[in-house]
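J.: Structure in structure tokens, see below.
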Amino acid sequence: MIIAQISDLHVCVKGSLVYDRFDTGMCLERCVQHILQLKPAPDAVLATGDLVDGGSTAEYRHLREVLRPLTMPLYLIPGNHDDRAALCAEFRDHAYLPRPGASVCYAVEQYPVRLLALDTVVPGADGGALDTAQLDWLEAQLAAVPHMPTLIFMHHPPFKTGIRCMDEIGLTAVSAARLGEIISRHRQVECITCGHVHRGIQACWHGTTVSICPSTAYQSILDLATGKFEASSNDPPAYQLHYWNGSEIVTHTVVVNT
């Protein structure tokens, strides 16, 4: 099984640029075309949040237009730049999405690897959290199917990356601690994959691998000294491929050059 992951798309209204520099819609178009040319084709695409830049209906319409060429199933979750209600309304034909406004957590069961989506969005905040209801749901889901290899996907990473400005708006310590306890009890979790930081980063965490996907829009400059966030004009769009080889998930970062 091959899973393509796109993250931090930051699609804006047609004709607009993010930071007056990045045509995020065009960058996403390039990534979509790159994915469509892969052989073998991915079985599914995960889009892990910050799908649009401002959460507007017009942005979600543009997003839908850019994603329309994808021929494989597409699974969406929101990030801190998203609006749950607007997302669910525009993609209301995606049966796995809840009623507009509800937390976007769901299970995808039809593949060799089980996919569990978590919604870390806190409305009005840049940082993320997982409430008790979602964490209880996750524990019940993992307990119900203990021997099925599982990939969890969410927007905010649960560990400190060393990029302090992003760590300050990451997953809350309370949420990360409870999530870590759950993961430690369920060894079938092969990988947790996230976004948010605009860089490819990996960590071993509570007995599993956590992978952060780079952005289709723009990458952040690595700064472990001051911990500031600065968008790079030199790094191209990128996405990740998660390959289930029958024993483990292997993650490849794919750079989409012009």
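The way I read the labels, and the way they are meant: chains A, B, ... in the order of the structure tokens, residue 1 as the first residue of every chain, and ligand 1 as the first ligand shown, with later ones counted on from there.
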For Thr24 of chain A, find every residue with an atom within 8 Å (counting only C-alpha atoms), except residues of its own chain fewer than 4 positions away, and show them as a count of residues only.
T.: 10
J.: Within 8 Å of segment 232-237 of chain A, counting only C-alpha atoms, which residues show up once you throw out same-chain ones fewer than 5 positions away? Write them as a list in words, please.
T.: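 The contact residues come out as Cys27, Leu28, Cys31, Pro214, Ser215, Thr216, Ala217, Tyr218, Gln219, Ser220, Ile221, Val255, Val256, Asn257 and Thr258 of chain A.
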J.: Take the selection from the previous step and output its residues with N, CA and C atoms, as a PDB file, in the first residue's frame.
T.:
```pdb
ATOM      1  N   CYS A  27       1.550  25.905  -6.665  1.00  0.00           N
ATOM      2  CA  CYS A  27       2.434  24.896  -6.051  1.00  0.00           C
ATOM      3  C   CYS A  27       1.682  23.595  -5.816  1.00  0.00           C
ATOM      4  N   LEU A  28       0.443  23.695  -5.335  1.00  0.00           N
ATOM      5  CA  LEU A  28      -0.353  22.495  -5.112  1.00  0.00           C
ATOM      6  C   LEU A  28      -0.668  21.800  -6.432  1.00  0.00           C
ATOM      7  N   CYS A  31       2.173  19.656  -7.332  1.00  0.00           N
ATOM      8  CA  CYS A  31       2.239  18.440  -6.514  1.00  0.00           C
ATOM      9  C   CYS A  31       1.190  17.423  -6.948  1.00  0.00           C
ATOM     10  N   PRO A 214       6.632  17.902   4.942  1.00  0.00           N
ATOM     11  CA  PRO A 214       6.870  19.260   4.451  1.00  0.00           C
ATOM     12  C   PRO A 214       5.629  19.807   3.760  1.00  0.00           C
ATOM     13  N   SER A 215       5.707  21.045   3.343  1.00  0.00           N
ATOM     14  CA  SER A 215       4.560  21.761   2.795  1.00  0.00           C
ATOM     15  C   SER A 215       4.552  21.731   1.269  1.00  0.00           C
ATOM     16  N   THR A 216       3.355  21.679   0.707  1.00  0.00           N
ATOM     17  CA  THR A 216       3.229  21.858  -0.744  1.00  0.00           C
ATOM     18  C   THR A 216       3.355  23.330  -1.132  1.00  0.00           C
ATOM     19  N   ALA A 217       3.293  24.230  -0.158  1.00  0.00           N
ATOM     20  CA  ALA A 217       3.248  25.667  -0.440  1.00  0.00           C
ATOM     21  C   ALA A 217       4.616  26.330  -0.327  1.00  0.00           C
ATOM     22  N   TYR A 218       5.245  26.204   0.839  1.00  0.00           N
ATOM     23  CA  TYR A 218       6.564  26.783   1.089  1.00  0.00           C
ATOM     24  C   TYR A 218       7.132  26.115   2.334  1.00  0.00           C
ATOM     25  N   GLN A 219       8.464  26.022   2.395  1.00  0.00           N
ATOM     26  CA  GLN A 219       9.127  25.410   3.543  1.00  0.00           C
ATOM     27  C   GLN A 219       9.622  26.496   4.496  1.00  0.00           C
ATOM     28  N   SER A 220       9.782  26.119   5.752  1.00  0.00           N
ATOM     29  CA  SER A 220      10.380  27.032   6.726  1.00  0.00           C
ATOM     30  C   SER A 220      11.892  26.827   6.739  1.00  0.00           C
ATOM     31  N   ILE A 221      12.613  27.908   6.956  1.00  0.00           N
ATOM     32  CA  ILE A 221      14.068  27.843   7.093  1.00  0.00           C
ATOM     33  C   ILE A 221      14.395  27.208   8.446  1.00  0.00           C
ATOM     34  N   VAL A 255      10.447  15.774  -3.394  1.00  0.00           N
ATOM     35  CA  VAL A 255      10.590  17.189  -3.741  1.00  0.00           C
ATOM     36  C   VAL A 255      10.102  17.399  -5.171  1.00  0.00           C
ATOM     37  N   VAL A 256       9.295  18.437  -5.364  1.00  0.00           N
ATOM     38  CA  VAL A 256       8.703  18.706  -6.679  1.00  0.00           C
ATOM     39  C   VAL A 256       9.392  19.923  -7.268  1.00  0.00           C
ATOM     40  N   ASN A 257      10.423  19.692  -8.067  1.00  0.00           N
ATOM     41  CA  ASN A 257      11.175  20.777  -8.671  1.00  0.00           C
ATOM     42  C   ASN A 257      10.453  21.307  -9.899  1.00  0.00           C
ATOM     43  N   THR A 258      10.764  22.511 -10.287  1.00  0.00           N
ATOM     44  CA  THR A 258      10.168  23.102 -11.478  1.00  0.00           C
ATOM     45  C   THR A 258      10.774  22.449 -12.727  1.00  0.00           C
TER      46      THR A 258
END
```
J.: Given only C-alpha atoms, how would the per-residue table for segment 151-253 of chain A near segment 39-57 of chain A read, listing every residue at most 9 Å away with its closest atom pair and distance in Å to one decimal, sorted by chain and number, as CSV?
T.:
```
residue,atom,partner,partner_atom,distance
A:Phe153,CA,A:Thr48,CA,7.0
A:Met154,CA,A:Thr48,CA,6.1
A:His155,CA,A:Gly49,CA,5.4
A:His156,CA,A:Gly49,CA,8.7
A:Thr193,CA,A:Thr48,CA,8.4
A:Cys194,CA,A:Thr48,CA,6.4
A:Gly195,CA,A:Thr48,CA,6.1
A:His196,CA,A:Asp50,CA,7.4
A:Cys213,CA,A:Thr48,CA,8.6
A:Leu241,CA,A:Pro42,CA,8.1
```
J.: Take the residues from that selection and put them in a file with all heavy atoms, as a PDB file, in the first residue's frame.
T.:
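Contents of again_32.pdb, as written:
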```pdb
ATOM      1  N   PHE A 153      -3.203  10.109  11.559  1.00  0.00           N
ATOM      2  CA  PHE A 153      -2.812  11.385  10.968  1.00  0.00           C
ATOM      3  C   PHE A 153      -3.554  12.545  11.623  1.00  0.00           C
ATOM      4  O   PHE A 153      -4.728  12.455  11.950  1.00  0.00           O
ATOM      5  CB  PHE A 153      -2.948  11.392   9.445  1.00  0.00           C
ATOM      6  CG  PHE A 153      -4.319  11.131   8.866  1.00  0.00           C
ATOM      7  CD1 PHE A 153      -5.032  12.153   8.248  1.00  0.00           C
ATOM      8  CD2 PHE A 153      -4.890   9.855   8.886  1.00  0.00           C
ATOM      9  CE1 PHE A 153      -6.274  11.919   7.676  1.00  0.00           C
ATOM     10  CE2 PHE A 153      -6.127   9.615   8.316  1.00  0.00           C
ATOM     11  CZ  PHE A 153      -6.833  10.656   7.712  1.00  0.00           C
ATOM     12  N   MET A 154      -2.812  13.631  11.859  1.00  0.00           N
ATOM     13  CA  MET A 154      -3.345  14.834  12.502  1.00  0.00           C
ATOM     14  C   MET A 154      -2.476  16.019  12.091  1.00  0.00           C
ATOM     15  O   MET A 154      -1.441  15.835  11.425  1.00  0.00           O
ATOM     16  CB  MET A 154      -3.366  14.656  14.019  1.00  0.00           C
ATOM     17  CG  MET A 154      -2.023  14.391  14.656  1.00  0.00           C
ATOM     18  SD  MET A 154      -2.221  13.892  16.379  1.00  0.00           S
ATOM     19  CE  MET A 154      -0.547  14.128  16.977  1.00  0.00           C
ATOM     20  N   HIS A 155      -2.854  17.221  12.472  1.00  0.00           N
ATOM     21  CA  HIS A 155      -2.111  18.391  11.995  1.00  0.00           C
ATOM     22  C   HIS A 155      -0.932  18.752  12.898  1.00  0.00           C
ATOM     23  O   HIS A 155       0.202  18.837  12.440  1.00  0.00           O
ATOM     24  CB  HIS A 155      -3.040  19.596  11.863  1.00  0.00           C
ATOM     25  CG  HIS A 155      -2.344  20.822  11.329  1.00  0.00           C
ATOM     26  ND1 HIS A 155      -1.844  20.882  10.046  1.00  0.00           N
ATOM     27  CD2 HIS A 155      -2.022  22.014  11.916  1.00  0.00           C
ATOM     28  CE1 HIS A 155      -1.265  22.058   9.852  1.00  0.00           C
ATOM     29  NE2 HIS A 155      -1.350  22.758  10.973  1.00  0.00           N
ATOM     30  N   HIS A 156      -1.176  18.976  14.179  1.00  0.00           N
ATOM     31  CA  HIS A 156      -0.123  19.442  15.084  1.00  0.00           C
ATOM     32  C   HIS A 156       0.723  18.267  15.570  1.00  0.00           C
ATOM     33  O   HIS A 156       0.176  17.279  16.054  1.00  0.00           O
ATOM     34  CB  HIS A 156      -0.732  20.147  16.303  1.00  0.00           C
ATOM     35  CG  HIS A 156      -1.439  21.423  15.992  1.00  0.00           C
ATOM     36  ND1 HIS A 156      -2.749  21.451  15.559  1.00  0.00           N
ATOM     37  CD2 HIS A 156      -1.021  22.715  16.072  1.00  0.00           C
ATOM     38  CE1 HIS A 156      -3.111  22.720  15.379  1.00  0.00           C
ATOM     39  NE2 HIS A 156      -2.092  23.501  15.674  1.00  0.00           N
ATOM     40  N   THR A 193       1.519  10.646  11.536  1.00  0.00           N
ATOM     41  CA  THR A 193       2.025  11.627  10.591  1.00  0.00           C
ATOM     42  C   THR A 193       1.259  12.939  10.729  1.00  0.00           C
ATOM     43  O   THR A 193       0.049  12.946  10.931  1.00  0.00           O
ATOM     44  CB  THR A 193       2.006  11.075   9.151  1.00  0.00           C
ATOM     45  OG1 THR A 193       2.742  11.961   8.302  1.00  0.00           O
ATOM     46  CG2 THR A 193       0.600  10.874   8.620  1.00  0.00           C
ATOM     47  N   CYS A 194       2.003  14.044  10.634  1.00  0.00           N
ATOM     48  CA  CYS A 194       1.483  15.376  10.955  1.00  0.00           C
ATOM     49  C   CYS A 194       1.923  16.380   9.887  1.00  0.00           C
ATOM     50  O   CYS A 194       2.505  16.015   8.872  1.00  0.00           O
ATOM     51  CB  CYS A 194       2.025  15.832  12.317  1.00  0.00           C
ATOM     52  SG  CYS A 194       1.957  14.610  13.630  1.00  0.00           S
ATOM     53  N   GLY A 195       1.660  17.639  10.166  1.00  0.00           N
ATOM     54  CA  GLY A 195       2.104  18.738   9.325  1.00  0.00           C
ATOM     55  C   GLY A 195       2.545  19.893  10.201  1.00  0.00           C
ATOM     56  O   GLY A 195       3.312  19.736  11.122  1.00  0.00           O
ATOM     57  N   HIS A 196       2.073  21.109   9.857  1.00  0.00           N
ATOM     58  CA  HIS A 196       2.158  22.306  10.699  1.00  0.00           C
ATOM     59  C   HIS A 196       3.496  23.032  10.639  1.00  0.00           C
ATOM     60  O   HIS A 196       3.535  24.253  10.650  1.00  0.00           O
ATOM     61  CB  HIS A 196       1.820  21.938  12.156  1.00  0.00           C
ATOM     62  CG  HIS A 196       1.647  23.098  13.077  1.00  0.00           C
ATOM     63  ND1 HIS A 196       0.781  24.139  12.815  1.00  0.00           N
ATOM     64  CD2 HIS A 196       2.219  23.375  14.289  1.00  0.00           C
ATOM     65  CE1 HIS A 196       0.817  25.010  13.818  1.00  0.00           C
ATOM     66  NE2 HIS A 196       1.685  24.571  14.710  1.00  0.00           N
ATOM     67  N   CYS A 213       5.308  16.104   7.733  1.00  0.00           N
ATOM     68  CA  CYS A 213       5.390  16.264   6.279  1.00  0.00           C
ATOM     69  C   CYS A 213       5.757  17.700   5.925  1.00  0.00           C
ATOM     70  O   CYS A 213       5.250  18.647   6.536  1.00  0.00           O
ATOM     71  CB  CYS A 213       4.020  15.918   5.681  1.00  0.00           C
ATOM     72  SG  CYS A 213       3.958  15.902   3.877  1.00  0.00           S
ATOM     73  N   LEU A 241       5.487  10.149   0.724  1.00  0.00           N
ATOM     74  CA  LEU A 241       4.874   8.859   0.402  1.00  0.00           C
ATOM     75  C   LEU A 241       5.170   7.901   1.540  1.00  0.00           C
ATOM     76  O   LEU A 241       6.324   7.735   1.944  1.00  0.00           O
ATOM     77  CB  LEU A 241       5.440   8.288  -0.903  1.00  0.00           C
ATOM     78  CG  LEU A 241       5.075   9.010  -2.197  1.00  0.00           C
ATOM     79  CD1 LEU A 241       5.811   8.372  -3.364  1.00  0.00           C
ATOM     80  CD2 LEU A 241       3.577   8.980  -2.434  1.00  0.00           C
TER      81      LEU A 241
END
```
J.: Hey, what's within 9 Å of Ser184 of chain A if we count only C-alpha atoms and toss same-chain stuff fewer than 3 positions away? As a list in words, please?
T.: Leu179, Gly180, Glu181, Arg187, Trp205, His206, Gly207 and Thr208 of chain A
J.: What residues in segment 31-120 of chain A get the DSSP label helix (DSSP H, G or I)? Please answer as JSON, numbers by chain.
T.: {"A": [31, 32, 33, 34, 35, 36, 57, 58, 59, 60, 61, 62, 63, 64, 65, 66, 67, 84, 85, 86, 87, 88, 89, 90]}
J.: Excluding Pro123 of chain A and its own-chain neighbours fewer than 3 positions away, which residues fall within 9 Å of it when counting only C-alpha atoms? Please give them as a list in words.
T.: Asn80, Asp82, Asp83, Arg84 and Asp126 of chain A
J.: Filtering to all heavy atoms, could you give me those residues as a tab-separated table (two decimals), in the first residue's frame?
T.:
```tsv
chain	number	residue	atom	x	y	z
A	80	ASN	N	-4.87	24.66	11.84
A	80	ASN	CA	-5.24	25.88	12.55
A	80	ASN	C	-5.63	27.02	11.62
A	80	ASN	O	-6.27	27.98	12.06
A	80	ASN	CB	-4.12	26.33	13.49
A	80	ASN	CG	-2.76	26.38	12.83
A	80	ASN	OD1	-2.17	25.35	12.54
A	80	ASN	ND2	-2.26	27.58	12.58
A	82	ASP	N	-7.64	26.50	9.12
A	82	ASP	CA	-8.90	26.07	8.51
A	82	ASP	C	-10.11	26.44	9.36
A	82	ASP	O	-10.00	26.69	10.56
A	82	ASP	CB	-8.88	24.55	8.29
A	82	ASP	CG	-7.92	24.14	7.19
A	82	ASP	OD1	-8.09	24.63	6.06
A	82	ASP	OD2	-7.00	23.36	7.47
A	83	ASP	N	-11.25	26.43	8.71
A	83	ASP	CA	-12.54	26.58	9.36
A	83	ASP	C	-13.30	25.28	9.15
A	83	ASP	O	-13.60	24.90	8.02
A	83	ASP	CB	-13.32	27.76	8.77
A	83	ASP	CG	-14.66	27.95	9.41
A	83	ASP	OD1	-15.63	27.30	8.96
A	83	ASP	OD2	-14.77	28.74	10.36
A	84	ARG	N	-13.59	24.58	10.26
A	84	ARG	CA	-14.21	23.25	10.13
A	84	ARG	C	-15.51	23.31	9.35
A	84	ARG	O	-15.77	22.48	8.48
A	84	ARG	CB	-14.52	22.69	11.52
A	84	ARG	CG	-13.36	22.13	12.28
A	84	ARG	CD	-13.89	21.40	13.51
A	84	ARG	NE	-12.84	21.00	14.42
A	84	ARG	CZ	-12.73	21.45	15.67
A	84	ARG	NH1	-13.60	22.32	16.14
A	84	ARG	NH2	-11.76	21.01	16.44
A	126	ASP	N	-3.76	29.19	17.34
A	126	ASP	CA	-2.78	28.58	16.44
A	126	ASP	C	-2.31	27.24	16.95
A	126	ASP	O	-1.95	26.36	16.16
A	126	ASP	CB	-1.58	29.51	16.26
A	126	ASP	CG	-1.91	30.75	15.44
A	126	ASP	OD1	-2.74	30.65	14.52
A	126	ASP	OD2	-1.34	31.81	15.73
```
J.: Between A:Tyr60, A:Ile163, A:Pro149, A:Val121, single out the one closest to Ile201 of chain A, counting only C-alpha atoms.
T.: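 So, comparing all the options, the nearest one is A:Ile163.
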J.: May I have all residues of segment 9-210 of chain A that DSSP, computed from the backbone, assigns to strand (DSSP E or B), given as an NGL selection string?
T.: :A and (11 or 18 or 22 or 44-48 or 52 or 74-77 or 106-108 or 114-117 or 121 or 128 or 150-153 or 171 or 189-194 or 201-205 or 208-210)
J.: Can you measure atom CA of Leu151 of chain A to atom CA of Leu116 of chain A for me? One decimal in Å is fine.
T.: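 Atom CA of Leu116 of chain A lies 6.3 Å from atom CA of Leu151 of chain A.
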J.: Which residue gives the smallest distance to Ile249 of chain A among A:Val113, A:Met26, A:Val197, A:Met148, with only C-alpha atoms counted?
T.: A:Val113
J.: Restricting the calculation to only C-alpha atoms: of A:Gly15, A:Gly200, A:Pro69, A:Gly79, which residue gets closest to Ala125 of chain A?
T.: A:Gly79
J.: If you measure from atom CA of Ile182 of chain A to atom CA of Trp244 of chain A, what distance in Å do you get, rounded to one decimal?
T.: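 These two atoms are separated by 22.5 Å.
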J.: Using only C-alpha atoms, which protein or nucleic acid residues come within 12 Å of Ala144 of chain A? Drop anything in the same chain fewer than 6 positions from it, and give the result as a ChimeraX atom specification.
T.: /A:107,114,137-138,186,188
J.: Identify, on the basis of only C-alpha atoms, every residue whose closest approach to Ala85 of chain A does not exceed 9 Å; exclude the query and any residue fewer than 6 positions from it along the same chain; express the result as a list in words.
T.: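 So, after excluding close chain neighbours, the residues are Arg99, Pro100, Gly101 and Ala102 of chain A.
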J.: When you draw a straight line from atom CA of Leu222 of chain A to atom CA of Ile183 of chain A, how long is it in Å?
T.: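 Straight-line distance from atom CA of Leu222 of chain A to atom CA of Ile183 of chain A works out to 28.5 Å.
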J.: Using only C-alpha atoms, which residues sit within 6 Å of Cys165 of chain A once same-chain residues fewer than 3 positions away are excluded, as a list in words?
T.: Glu168, Gly227 and Lys228 of chain A
